[in-house]
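As stored in start10.txt (compact mmCIF, C-alpha atoms):
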# COMPACT_ATOMS: atom_id res chain seq x y z
CA MET G 98 11.09 -41.60 26.98
CA ARG G 99 14.81 -41.59 27.82
CA GLN G 100 14.94 -37.81 28.04
CA MET G 101 11.93 -37.57 30.34
CA GLY G 102 12.94 -40.32 32.75
CA SER G 103 14.94 -38.21 35.18
CA ARG G 104 12.03 -35.78 35.62
CA LEU G 105 9.37 -38.42 36.14
CA LEU G 106 10.85 -39.61 39.43
CA PRO G 107 10.58 -36.30 41.33
CA LEU G 108 7.20 -35.62 39.74
CA SER G 109 5.81 -38.95 40.93
CA LEU G 110 7.35 -38.52 44.39
CA ALA G 111 5.86 -35.03 44.75
CA LEU G 112 2.47 -36.41 43.73
CA ALA G 113 2.90 -39.22 46.27
CA ALA G 114 3.69 -36.61 48.95
CA LEU G 115 0.52 -34.71 48.12
CA GLY G 116 -1.45 -37.96 48.28
CA ALA G 117 0.11 -38.91 51.60
CA ASP G 118 -0.75 -35.49 53.01
CA ASP G 119 -4.31 -35.89 51.83
CA ALA G 120 -4.52 -39.29 53.52
CA GLY G 121 -3.10 -37.88 56.78
CA PHE G 122 0.34 -39.52 56.60
CA HIS G 123 2.32 -36.32 57.06
CA ARG G 124 5.56 -38.01 58.15
CA GLY G 125 5.47 -40.22 55.05
CA ALA G 126 4.80 -37.16 52.91
CA TYR G 127 7.90 -35.54 54.40
CA TYR G 128 10.03 -38.50 53.34
CA PHE G 129 8.50 -38.46 49.87
CA VAL G 130 9.46 -34.80 49.55
CA LEU G 131 13.00 -35.56 50.71
CA LEU G 132 13.33 -38.28 48.08
CA ALA G 133 11.85 -35.93 45.50
CA VAL G 134 14.54 -33.36 46.35
CA VAL G 135 17.24 -35.92 45.54
CA GLY G 136 15.61 -36.85 42.24
CA ALA G 137 14.98 -33.20 41.37
CA ALA G 138 18.60 -32.32 42.11
CA ALA G 139 19.77 -35.05 39.76
CA ALA G 140 17.37 -33.90 37.04
CA ALA G 141 18.40 -30.27 37.47
CA PHE G 142 22.08 -31.18 37.38
CA LEU G 143 21.66 -33.09 34.11
CA ALA G 144 19.52 -30.37 32.53
CA VAL G 145 21.94 -27.58 33.46
CA ALA G 146 24.87 -29.65 32.18
CA GLU G 147 23.07 -30.10 28.85
CA ALA G 148 22.38 -26.36 28.72
CA ILE G 149 26.05 -25.61 29.31
CA GLU G 150 26.98 -28.00 26.51
CA GLY G 151 24.63 -26.06 24.25
CA ARG G 152 22.19 -28.79 23.36
CA GLU G 153 18.97 -27.82 21.62
CA ARG G 154 16.08 -26.68 23.89
CA SER G 155 18.02 -27.53 27.04
CA PHE G 156 18.06 -24.00 28.51
CA LEU G 157 14.33 -24.07 29.25
CA ARG G 158 14.63 -27.58 30.68
CA GLY G 159 17.46 -26.42 32.94
CA VAL G 160 15.44 -23.47 34.20
CA THR G 161 12.28 -25.47 34.88
CA THR G 162 13.99 -28.34 36.65
CA SER G 163 15.99 -25.91 38.79
CA LEU G 164 12.81 -24.01 39.66
CA ALA G 165 11.06 -27.25 40.63
CA LEU G 166 14.08 -28.16 42.78
CA VAL G 167 13.79 -24.83 44.60
CA PHE G 168 10.09 -25.44 45.27
CA LEU G 169 10.78 -28.93 46.62
CA VAL G 170 13.62 -27.72 48.87
CA VAL G 171 11.40 -24.98 50.29
CA GLY G 172 8.66 -27.54 50.92
CA ALA G 173 11.11 -29.89 52.63
CA LEU G 174 12.46 -27.09 54.84
CA VAL G 175 8.99 -26.05 55.93
CA ARG G 176 8.02 -29.67 56.64
CA ALA G 177 11.22 -30.27 58.62
CA ASN G 178 10.27 -27.51 61.08
CA MET G 179 6.72 -28.80 61.49
CA ALA G 180 5.72 -30.04 64.95
CA ASP G 181 4.50 -33.62 65.28
CA GLY G 182 0.73 -33.82 64.92
CA ALA G 183 0.45 -30.29 63.58
CA GLN G 184 -1.35 -29.27 60.43
CA VAL G 185 0.75 -29.18 57.28
CA PRO G 186 1.75 -25.58 56.58
CA LYS G 187 0.16 -24.11 53.47
CA LEU G 188 3.59 -23.12 52.17
CA ALA G 189 4.67 -26.79 52.16
CA THR G 190 1.60 -27.85 50.23
CA SER G 191 1.85 -24.89 47.86
CA ALA G 192 5.51 -25.65 47.17
CA ALA G 193 4.71 -29.26 46.30
CA VAL G 194 1.84 -28.18 44.05
CA ALA G 195 4.10 -25.62 42.34
CA ALA G 196 6.77 -28.27 41.72
CA VAL G 197 4.15 -30.63 40.28
CA ALA G 198 2.86 -27.80 38.07
CA VAL G 199 6.34 -26.99 36.74
CA TYR G 200 7.05 -30.65 36.03
CA GLY G 201 3.58 -31.06 34.57
CA LEU G 202 4.10 -28.18 32.15
CA THR G 203 7.42 -29.57 30.95
CA PHE G 204 5.84 -33.02 30.65
CA LEU G 205 3.01 -31.51 28.60
CA GLY G 206 5.58 -29.82 26.35
CA TRP G 207 7.36 -33.14 25.95
CA LEU G 208 4.11 -34.83 24.96
CA LEU G 209 3.22 -32.12 22.45
CA GLU G 210 6.70 -31.95 20.90
CA PRO G 211 5.87 -34.34 18.01
CA LEU G 212 3.14 -31.90 16.95
CA ARG G 213 5.61 -29.04 16.58
CA PRO G 214 6.19 -28.10 12.93
CA ARG G 215 9.70 -28.94 11.80
CA PRO G 216 11.59 -27.02 9.16
CA ARG G 217 11.90 -28.84 5.88
CA ALA G 218 15.29 -29.90 4.73
CA ARG G 219 16.45 -28.12 1.62
CA ALA G 220 17.71 -30.19 -1.23
CA ARG G 221 21.31 -29.42 -2.00
CA SER G 222 22.01 -28.56 -5.56
CA ARG G 223 25.08 -30.15 -6.95
CA ALA G 224 27.07 -28.39 -9.51
CA VAL G 225 27.73 -30.57 -12.50
CA ARG G 226 31.26 -30.38 -13.69
CA VAL G 227 31.81 -30.93 -17.32
CA ARG G 228 35.19 -32.36 -18.12
CA THR G 229 36.75 -31.60 -21.39
CA SER G 230 39.35 -33.92 -22.73
CA PRO G 231 42.76 -32.29 -23.42
Translate this file's structure into structure tokens.
Amino acid sequence: MRQMGSRLLPLSLALAALGADDAGFHRGAYYFVLLAVVGAAAAAFLAVAEAIEGRERSFLRGVTTSLALVFLVVGALVRANMADGAQVPKLATSAAVAAVAVYGLTFLGWLLEPLRPRPRARARSRAVRVRTSP
């Protein structure tokens, strides 16, 4: 769960923003998206740093978290230019849904990782040295 923790925060905040929009609290949804941007930026920064270090399977994590960050930033920009009392632009909702989908796919991959077949370790053969007495 330690590896997934930094991606759960922006995922839950994006879901909260979608829920707040559905309930009619558009200003609250805007603040949820802003908080999700901060969490997504932290997750993307960590994932890209791991990819640069060359850790296993971190390239895909870096790409997906960066893509989700882009979606959340676009959604926040569209919401910031929204007039008070206006309908939520479809681009803002679509961006939040896309970010949730990207995080959801990586979360699904994380859940299914234990089912992935692992290569078997080969037994090392040791050469037996025979010592002869002089």
- Message: Excluding Ala141 of chain G and its own-chain neighbours fewer than 2 positions away, which residues fall within 10 Å of it when counting all atoms listed in the file? Please give them as a list in words.
- Response: Ser103, Arg104, Val135, Gly136, Ala137, Ala138, Ala139, Leu143, Ala144, Val145, Ala146, Glu147, Arg158, Gly159, Val160, Thr161, Thr162, Ser163, Leu164, Ala165 and Leu166 of chain G
Generate a file of the selected residues that holds C-alpha atoms, formatted as a tab-separated table (two decimals), keeping the file's coordinate frame.
chain	number	residue	atom	x	y	z
G	103	SER	CA	14.94	-38.21	35.18
G	104	ARG	CA	12.03	-35.78	35.62
G	135	VAL	CA	17.24	-35.92	45.54
G	136	GLY	CA	15.61	-36.85	42.24
G	137	ALA	CA	14.98	-33.20	41.37
G	138	ALA	CA	18.60	-32.32	42.11
G	139	ALA	CA	19.77	-35.05	39.76
G	143	LEU	CA	21.66	-33.09	34.11
G	144	ALA	CA	19.52	-30.37	32.53
G	145	VAL	CA	21.94	-27.58	33.46
G	146	ALA	CA	24.87	-29.65	32.18
G	147	GLU	CA	23.07	-30.10	28.85
G	158	ARG	CA	14.63	-27.58	30.68
G	159	GLY	CA	17.46	-26.42	32.94
G	160	VAL	CA	15.44	-23.47	34.20
G	161	THR	CA	12.28	-25.47	34.88
G	162	THR	CA	13.99	-28.34	36.65
G	163	SER	CA	15.99	-25.91	38.79
G	164	LEU	CA	12.81	-24.01	39.66
G	165	ALA	CA	11.06	-27.25	40.63
G	166	LEU	CA	14.08	-28.16	42.78
- Message: Applying 10 Å and all atoms listed in the file, which residues near segment 179-184 of chain G remain after dropping the ones on its own chain fewer than 6 positions away? List them as a PyMOL selection string.
- Response: chain G and resi 118+121+123-124+127+173
- Could you work out how far atom CA of Val130 of chain G lies from atom CA of Leu169 of chain G, giving the answer in Å with one decimal? 6.7 Å
- Could you pull the residues within 9 Å of Leu105 of chain G, counting all atoms listed in the file, minus those fewer than 4 positions along the same chain, as a PyMOL selection string? chain G and resi 101+109-110+136+200+204
- Task: Calculate how many Å separate atom CA of Ala114 of chain G from atom CA of Phe129 of chain G, rounding to one decimal.
- Result: 5.2 Å
- Could you pull out every residue with an atom within 12 Å of (-0.7, -30.9, 43.9), file coordinates, counting only C-alpha atoms, and send them as an NGL selection string? :G and (108-119 or 169 or 187 or 189-201)
- Task: Kindly give the distance, in Å, that separates atom CA of Arg152 of chain G and atom CA of Val170 of chain G, rounded to a single decimal.
- Result: 26.9 Å
- Task: Give the answer as one residue: which of G:Ala177, G:Leu208, G:Val167, G:Ala140 has the shortest atom-to-atom distance to Pro107 of chain G, using only C-alpha atoms?
- Result: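 Closest residue, counting only C-alpha atoms: G:Ala140.
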